[in-house]
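One structure is given here, and the rest of the page talks about it.
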Amino acid sequence: MEIPTPIFSHVKNYPDVYEPAEDTFLLLDALEKDKEFLKNLKPVLSVEIGGGSGVVTSFLNEILGDSLLYICTDLNPQAIQCIAETAEVNHNYSTEVVQSDLPRLNGLVDLLVFNPPYVVTPPAEIDSSDIASSWAGGTRGRMVMDRLFPQVPSLLSKRGIFYLVVIKENDPEEICSVFESLGFRGESIMSRQAGPEHLSILKFTRLQCTASGKND
Amino acid sequence: MRLLTHNMLTSHVKGVNNGYPLKIEATEVNVESEVDFKPEFICCMIPRIDWDVLKKALAWIGKADLLPEEIVDNYEEDEEFLRKVHHTIMEIEIVTGSLICPESERSFPINKGIPNMLLNEDEV
């Protein structure tokens, strides 16, 4: 990777925080591959939902610099402290941490990133308050991410972009058609097999944007 | 929590129609944090900020005089104005306190600069 991976050696001190793994690194690779696009987008507000260790937001800070506001949310109280520490050790000065489930933001998000709990589990497991909440996705692994989808059109600015990590079991094609009815074009920009998981990074752009992602 | 973030947060307590803006009750405010001034970023943010809410936020923490009543015309060329906006939205941090939902009066705590917006099961 040209862009250095943020420091995250402290994450192991937070037993309830999801330590960066294959899915995290696939997302970082995809964002790095898209870095020219992201720089041209000139986002003013980036929001990461369920930031966990805070590594992804810190990496976005490496790509895009300090000239925007990064809001990183998580519901896990240990993750909140971890995200704050990750921002501090990586000298990220415009990161804001909010403890929240799916945040209601009155603002206009240019860049929305979510590595959701996508593992297929029994439905009851999604309501745990410990580290299991970072992977338990319930039926088809979709129960948490499905709650966010209807809010995406109002969260995003006109030129806003949404990146989502999924596995095959989540039915990425069906997710893309859900987004089509919400007015977004979806595509898989990178995939990888990691053990039993076939991971993909989906990228959603508003349908009235031009191919370059710019908008008037 | 910076005032820029406060400008965007809303309450989503069940049954609440308008959870914005959240009222600030601060017991500890840090006004000495230093963030690099980037005029381009401030110019991009100004159209996105709810100015009245920013003014209210300042009033709630006793700093109402930090900003003029209205956004100045041609602010892109007014460095003094941009620096004032920069200071209020990026350099003032609410360290400890609460955010209060305007309708339900539900209080969301802020600790170590981090607001906790999580709701209990019966509030969702």
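Naming works like this for the structure tokens: A, B, ... for the chains as they're shown, residue 1 at the start of each chain, ligands 1 onward in shown order.
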
Could you produce a table of the residues of chain A lying within 10 Å of chain B, with the nearest pair of atoms per residue and their separation in Å rounded to one decimal, using only C-alpha atoms, ordered by chain and increasing residue number, as a Markdown table?
```
| residue | atom | partner | partner_atom | distance |
| --- | --- | --- | --- | --- |
| A:Lys42 | CA | B:Phe41 | CA | 9.8 |
| A:Pro43 | CA | B:Cys44 | CA | 9.5 |
| A:Val44 | CA | B:Cys44 | CA | 7.0 |
| A:Leu45 | CA | B:Met45 | CA | 8.9 |
| A:Asp66 | CA | B:Asp36 | CA | 8.6 |
| A:Ser67 | CA | B:Phe41 | CA | 5.7 |
| A:Leu68 | CA | B:Phe41 | CA | 6.5 |
| A:Leu69 | CA | B:Leu4 | CA | 8.6 |
| A:Tyr70 | CA | B:Thr5 | CA | 9.6 |
| A:Ile71 | CA | B:Thr5 | CA | 7.9 |
| A:Thr73 | CA | B:Asn116 | CA | 9.8 |
| A:Asp74 | CA | B:Leu118 | CA | 9.6 |
| A:Leu75 | CA | B:Leu118 | CA | 7.0 |
| A:Asn76 | CA | B:Leu118 | CA | 9.8 |
| A:Pro77 | CA | B:Asn116 | CA | 9.1 |
| A:Ile80 | CA | B:Ile114 | CA | 8.1 |
| A:Gln81 | CA | B:Ile114 | CA | 9.1 |
| A:Ala84 | CA | B:Ile114 | CA | 9.0 |
| A:Tyr93 | CA | B:Val35 | CA | 7.1 |
| A:Ser94 | CA | B:Met90 | CA | 8.0 |
| A:Thr95 | CA | B:Met1 | CA | 9.8 |
| A:Glu96 | CA | B:Met1 | CA | 6.7 |
| A:Val97 | CA | B:Ile114 | CA | 5.8 |
| A:Val98 | CA | B:Pro115 | CA | 5.4 |
| A:Gln99 | CA | B:Asn116 | CA | 4.5 |
| A:Ser100 | CA | B:Met117 | CA | 4.9 |
| A:Asp101 | CA | B:Leu118 | CA | 6.2 |
| A:Leu102 | CA | B:Leu118 | CA | 9.0 |
| A:Pro103 | CA | B:Leu9 | CA | 7.7 |
| A:Arg104 | CA | B:Thr10 | CA | 5.6 |
| A:Leu105 | CA | B:Leu9 | CA | 4.9 |
| A:Asn106 | CA | B:Met8 | CA | 4.5 |
| A:Gly107 | CA | B:Met8 | CA | 4.9 |
| A:Leu108 | CA | B:Arg48 | CA | 7.3 |
```

Considering only C-alpha atoms, return as a PyMOL selection string whatever protein or nucleic-acid residues lie within 8 Å of Glu62 (chain A), sequence-local ones (same chain, fewer than 4 positions apart) excluded.
chain A and resi 3-4+58

Could you give me the residues within region 92-142 of chain A that DSSP places in strand (DSSP E), as number ranges by chain?
A: 95-99, 109-114

Shell of 10 Å around Ala26 (chain B), only C-alpha atoms, local chain residues under 6 positions omitted, as an mmCIF file with C-alpha atoms, in the first residue's frame:
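Listing of part.cif after writing:
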```
data_model
loop_
_atom_site.group_PDB
_atom_site.id
_atom_site.type_symbol
_atom_site.label_atom_id
_atom_site.label_comp_id
_atom_site.auth_asym_id
_atom_site.auth_seq_id
_atom_site.Cartn_x
_atom_site.Cartn_y
_atom_site.Cartn_z
ATOM 1 C CA TRP B 60 -26.073 28.255 25.503
ATOM 2 C CA ILE B 61 -22.404 28.159 26.435
ATOM 3 C CA GLY B 62 -22.242 31.858 27.169
ATOM 4 C CA GLU B 93 -15.139 21.796 22.422
ATOM 5 C CA ILE B 94 -17.856 20.754 24.827
ATOM 6 C CA VAL B 95 -15.962 18.350 27.087
ATOM 7 C CA THR B 96 -18.625 17.551 29.687
ATOM 8 C CA GLY B 97 -22.321 18.261 29.699
ATOM 9 C CA SER B 98 -25.583 17.178 28.089
ATOM 10 C CA LEU B 99 -27.598 17.545 24.935
ATOM 11 C CA PRO B 109 -24.678 12.926 28.146
ATOM 12 C CA ILE B 110 -21.368 14.248 26.837
#
```

Atom-to-atom span, CA of Lys56 (chain B) and CA of Val31 (chain B), Å
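We find that CA of Lys56 (chain B) and CA of Val31 (chain B) lie 16.8 Å from each other.
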
Region 189-193 of chain A surroundings by only C-alpha atoms, 10 Å radius, close-in-sequence under 3 positions cut, as a tab-separated table (two decimals) with all heavy atoms, in the first residue's frame:
```
chain	number	residue	atom	x	y	z
A	22	GLU	N	-9.41	-9.05	7.67
A	22	GLU	CA	-9.45	-9.07	6.20
A	22	GLU	C	-10.48	-8.12	5.62
A	22	GLU	O	-10.23	-7.47	4.60
A	22	GLU	CB	-9.75	-10.49	5.70
A	22	GLU	CG	-8.60	-11.46	5.83
A	22	GLU	CD	-7.36	-10.98	5.10
A	22	GLU	OE1	-7.49	-10.40	3.99
A	22	GLU	OE2	-6.25	-11.16	5.63
A	23	ASP	N	-11.65	-8.06	6.25
A	23	ASP	CA	-12.70	-7.18	5.72
A	23	ASP	C	-12.28	-5.72	5.82
A	23	ASP	O	-12.49	-4.93	4.90
A	23	ASP	CB	-14.02	-7.42	6.45
A	23	ASP	CG	-13.90	-7.34	7.95
A	23	ASP	OD1	-12.86	-7.74	8.52
A	23	ASP	OD2	-14.86	-6.87	8.59
A	26	LEU	N	-9.59	-5.06	3.17
A	26	LEU	CA	-10.19	-4.98	1.82
A	26	LEU	C	-10.80	-3.60	1.62
A	26	LEU	O	-10.63	-2.97	0.57
A	26	LEU	CB	-11.25	-6.06	1.62
A	26	LEU	CG	-11.92	-6.05	0.24
A	26	LEU	CD1	-10.93	-6.41	-0.85
A	26	LEU	CD2	-13.10	-7.01	0.20
A	27	LEU	N	-11.46	-3.10	2.65
A	27	LEU	CA	-12.06	-1.76	2.55
A	27	LEU	C	-10.97	-0.70	2.39
A	27	LEU	O	-11.09	0.20	1.54
A	27	LEU	CB	-12.92	-1.49	3.80
A	27	LEU	CG	-13.63	-0.13	3.89
A	27	LEU	CD1	-14.50	0.16	2.67
A	27	LEU	CD2	-14.49	-0.06	5.17
A	29	ASP	N	-8.02	-1.14	1.06
A	29	ASP	CA	-7.49	-1.30	-0.30
A	29	ASP	C	-8.41	-0.64	-1.32
A	29	ASP	O	-7.95	0.02	-2.26
A	29	ASP	CB	-7.34	-2.79	-0.66
A	29	ASP	CG	-6.11	-3.41	0.00
A	29	ASP	OD1	-5.25	-2.64	0.50
A	29	ASP	OD2	-6.00	-4.65	0.02
A	30	ALA	N	-9.72	-0.84	-1.14
A	30	ALA	CA	-10.68	-0.27	-2.10
A	30	ALA	C	-10.67	1.25	-2.03
A	30	ALA	O	-10.73	1.94	-3.05
A	30	ALA	CB	-12.09	-0.80	-1.83
A	31	LEU	N	-10.59	1.79	-0.82
A	31	LEU	CA	-10.57	3.25	-0.67
A	31	LEU	C	-9.27	3.82	-1.26
A	31	LEU	O	-9.28	4.87	-1.89
A	31	LEU	CB	-10.71	3.64	0.81
A	31	LEU	CG	-12.07	3.33	1.44
A	31	LEU	CD1	-12.03	3.53	2.96
A	31	LEU	CD2	-13.17	4.21	0.84
A	33	LYS	N	-7.57	2.48	-3.71
A	33	LYS	CA	-7.69	2.38	-5.16
A	33	LYS	C	-8.54	3.54	-5.68
A	33	LYS	O	-8.32	4.06	-6.77
A	33	LYS	CB	-8.35	1.05	-5.53
A	33	LYS	CG	-8.48	0.81	-7.01
A	33	LYS	CD	-8.93	-0.62	-7.30
A	33	LYS	CE	-9.65	-0.68	-8.64
A	33	LYS	NZ	-10.54	-1.80	-8.79
A	34	ASP	N	-9.52	3.98	-4.87
A	34	ASP	CA	-10.42	5.05	-5.28
A	34	ASP	C	-9.92	6.43	-4.88
A	34	ASP	O	-10.69	7.40	-4.91
A	34	ASP	CB	-11.79	4.80	-4.62
A	34	ASP	CG	-12.91	4.66	-5.64
A	34	ASP	OD1	-12.59	4.45	-6.83
A	34	ASP	OD2	-14.08	4.78	-5.27
A	163	TYR	N	-19.96	3.77	0.76
A	163	TYR	CA	-19.20	2.53	0.63
A	163	TYR	C	-19.67	1.54	1.68
A	163	TYR	O	-19.80	1.90	2.86
A	163	TYR	CB	-17.70	2.77	0.86
A	163	TYR	CG	-17.01	3.58	-0.21
A	163	TYR	CD1	-16.94	4.96	-0.13
A	163	TYR	CD2	-16.40	2.95	-1.30
A	163	TYR	CE1	-16.29	5.71	-1.09
A	163	TYR	CE2	-15.74	3.70	-2.28
A	163	TYR	CZ	-15.70	5.08	-2.16
A	163	TYR	OH	-15.06	5.82	-3.12
A	165	VAL	N	-19.34	-2.68	3.08
A	165	VAL	CA	-18.69	-3.99	3.02
A	165	VAL	C	-19.77	-5.07	3.15
A	165	VAL	O	-20.62	-4.99	4.04
A	165	VAL	CB	-17.68	-4.16	4.18
A	165	VAL	CG1	-16.97	-5.51	4.09
A	165	VAL	CG2	-16.67	-3.02	4.20
A	166	VAL	N	-19.74	-6.06	2.26
A	166	VAL	CA	-20.73	-7.14	2.33
A	166	VAL	C	-20.07	-8.48	2.04
A	166	VAL	O	-18.94	-8.53	1.54
A	166	VAL	CB	-21.90	-6.95	1.33
A	166	VAL	CG1	-22.72	-5.71	1.66
A	166	VAL	CG2	-21.41	-6.92	-0.10
A	167	ILE	N	-20.79	-9.56	2.34
A	167	ILE	CA	-20.36	-10.90	1.92
A	167	ILE	C	-21.44	-11.45	0.99
A	167	ILE	O	-22.56	-10.92	0.91
A	167	ILE	CB	-20.13	-11.85	3.12
A	167	ILE	CG1	-21.37	-11.87	4.05
A	167	ILE	CG2	-18.87	-11.50	3.86
A	167	ILE	CD1	-21.28	-12.94	5.15
A	186	GLY	N	-25.34	1.14	-7.87
A	186	GLY	CA	-24.41	0.41	-7.02
A	186	GLY	C	-23.48	-0.45	-7.85
A	186	GLY	O	-23.88	-0.96	-8.88
A	196	PRO	N	-13.63	-18.47	4.71
A	196	PRO	CA	-14.94	-18.86	4.19
A	196	PRO	C	-15.76	-17.69	3.65
A	196	PRO	O	-16.83	-17.88	3.08
A	196	PRO	CB	-15.64	-19.43	5.43
A	196	PRO	CG	-15.01	-18.72	6.57
A	196	PRO	CD	-13.60	-18.40	6.18
A	197	GLU	N	-15.25	-16.46	3.80
A	197	GLU	CA	-16.04	-15.30	3.41
A	197	GLU	C	-15.65	-14.80	2.03
A	197	GLU	O	-14.47	-14.55	1.76
A	197	GLU	CB	-15.83	-14.14	4.41
A	197	GLU	CG	-16.42	-14.40	5.78
A	197	GLU	CD	-16.23	-13.21	6.73
A	197	GLU	OE1	-15.44	-12.30	6.44
A	197	GLU	OE2	-16.90	-13.23	7.77
A	198	HIS	N	-16.68	-14.59	1.17
A	198	HIS	CA	-16.41	-13.92	-0.10
A	198	HIS	C	-16.85	-12.47	0.08
A	198	HIS	O	-18.03	-12.16	0.09
A	198	HIS	CB	-17.17	-14.58	-1.25
A	198	HIS	CG	-16.80	-13.98	-2.56
A	198	HIS	ND1	-15.74	-14.41	-3.31
A	198	HIS	CD2	-17.32	-12.91	-3.23
A	198	HIS	CE1	-15.62	-13.65	-4.39
A	198	HIS	NE2	-16.57	-12.74	-4.37
A	199	LEU	N	-15.86	-11.59	0.27
A	199	LEU	CA	-16.12	-10.19	0.61
A	199	LEU	C	-16.18	-9.30	-0.62
A	199	LEU	O	-15.43	-9.51	-1.57
A	199	LEU	CB	-14.97	-9.65	1.49
A	199	LEU	CG	-14.82	-10.24	2.90
A	199	LEU	CD1	-13.40	-10.08	3.38
A	199	LEU	CD2	-15.78	-9.55	3.85
A	200	SER	N	-17.04	-8.27	-0.57
A	200	SER	CA	-17.05	-7.26	-1.63
A	200	SER	C	-17.22	-5.89	-1.03
A	200	SER	O	-17.84	-5.73	0.03
A	200	SER	CB	-18.24	-7.45	-2.57
A	200	SER	OG	-18.18	-8.68	-3.21
A	201	ILE	N	-16.67	-4.89	-1.71
A	201	ILE	CA	-16.90	-3.50	-1.34
A	201	ILE	C	-17.87	-2.94	-2.37
A	201	ILE	O	-17.57	-2.91	-3.57
A	201	ILE	CB	-15.60	-2.68	-1.35
A	201	ILE	CG1	-14.51	-3.37	-0.53
A	201	ILE	CG2	-15.88	-1.26	-0.86
A	201	ILE	CD1	-14.82	-3.57	0.94
A	202	LEU	N	-19.04	-2.53	-1.90
A	202	LEU	CA	-20.03	-1.93	-2.80
A	202	LEU	C	-19.93	-0.41	-2.70
A	202	LEU	O	-19.72	0.14	-1.62
A	202	LEU	CB	-21.45	-2.38	-2.43
A	202	LEU	CG	-21.73	-3.87	-2.47
A	202	LEU	CD1	-23.20	-4.16	-2.11
A	202	LEU	CD2	-21.42	-4.46	-3.84
A	203	LYS	N	-20.08	0.23	-3.85
A	203	LYS	CA	-20.02	1.70	-3.87
A	203	LYS	C	-21.30	2.21	-4.50
A	203	LYS	O	-21.70	1.76	-5.58
A	203	LYS	CB	-18.82	2.13	-4.70
A	203	LYS	CG	-18.68	3.63	-4.89
A	203	LYS	CD	-17.44	3.90	-5.72
A	203	LYS	CE	-17.30	5.36	-6.08
A	203	LYS	NZ	-16.11	5.59	-6.90
```

Which is closest to Leu155 (chain A) among A:Ile83, A:Ile49, A:Ile175, A:Val119, if we use only C-alpha atoms?
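Checking each of A:Ile83, A:Ile49, A:Ile175, A:Val119 against Leu155 (chain A), counting only C-alpha atoms, the winner is A:Ile49.
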
Taking the DSSP assignment computed from this structure's backbone, write out as a ChimeraX atom specification all residues of chain A that belong to helix (DSSP H, G or I).
/A:9-13,22-33,35-41,55-64,77-89,123-127,131-134,139-141,145-155,168-170,172-181

Do you know which residues are at most 8 Å from Glu103 (chain B) counting only C-alpha atoms, after dropping those on the same chain fewer than 4 positions away, and could you put them as an MDAnalysis selection string?
chainID B and resid 16:19

Print the selection's residues with C-alpha atoms to a file, as a PDB file, in the first residue's frame.
```
ATOM      1  CA  VAL B  16     -40.439  13.044  18.431  1.00  0.00           C
ATOM      2  CA  ASN B  17     -41.231  15.036  15.296  1.00  0.00           C
ATOM      3  CA  ASN B  18     -38.535  17.608  15.546  1.00  0.00           C
ATOM      4  CA  GLY B  19     -35.463  16.642  17.503  1.00  0.00           C
TER       5      GLY B  19
END
```

What's the 12 Å shell around Thr5 (chain A), counting only C-alpha atoms, without same-chain residues fewer than 5 positions away, as a ChimeraX atom specification?
/A:20,24-25,27-29,31-32,54-63,86,90
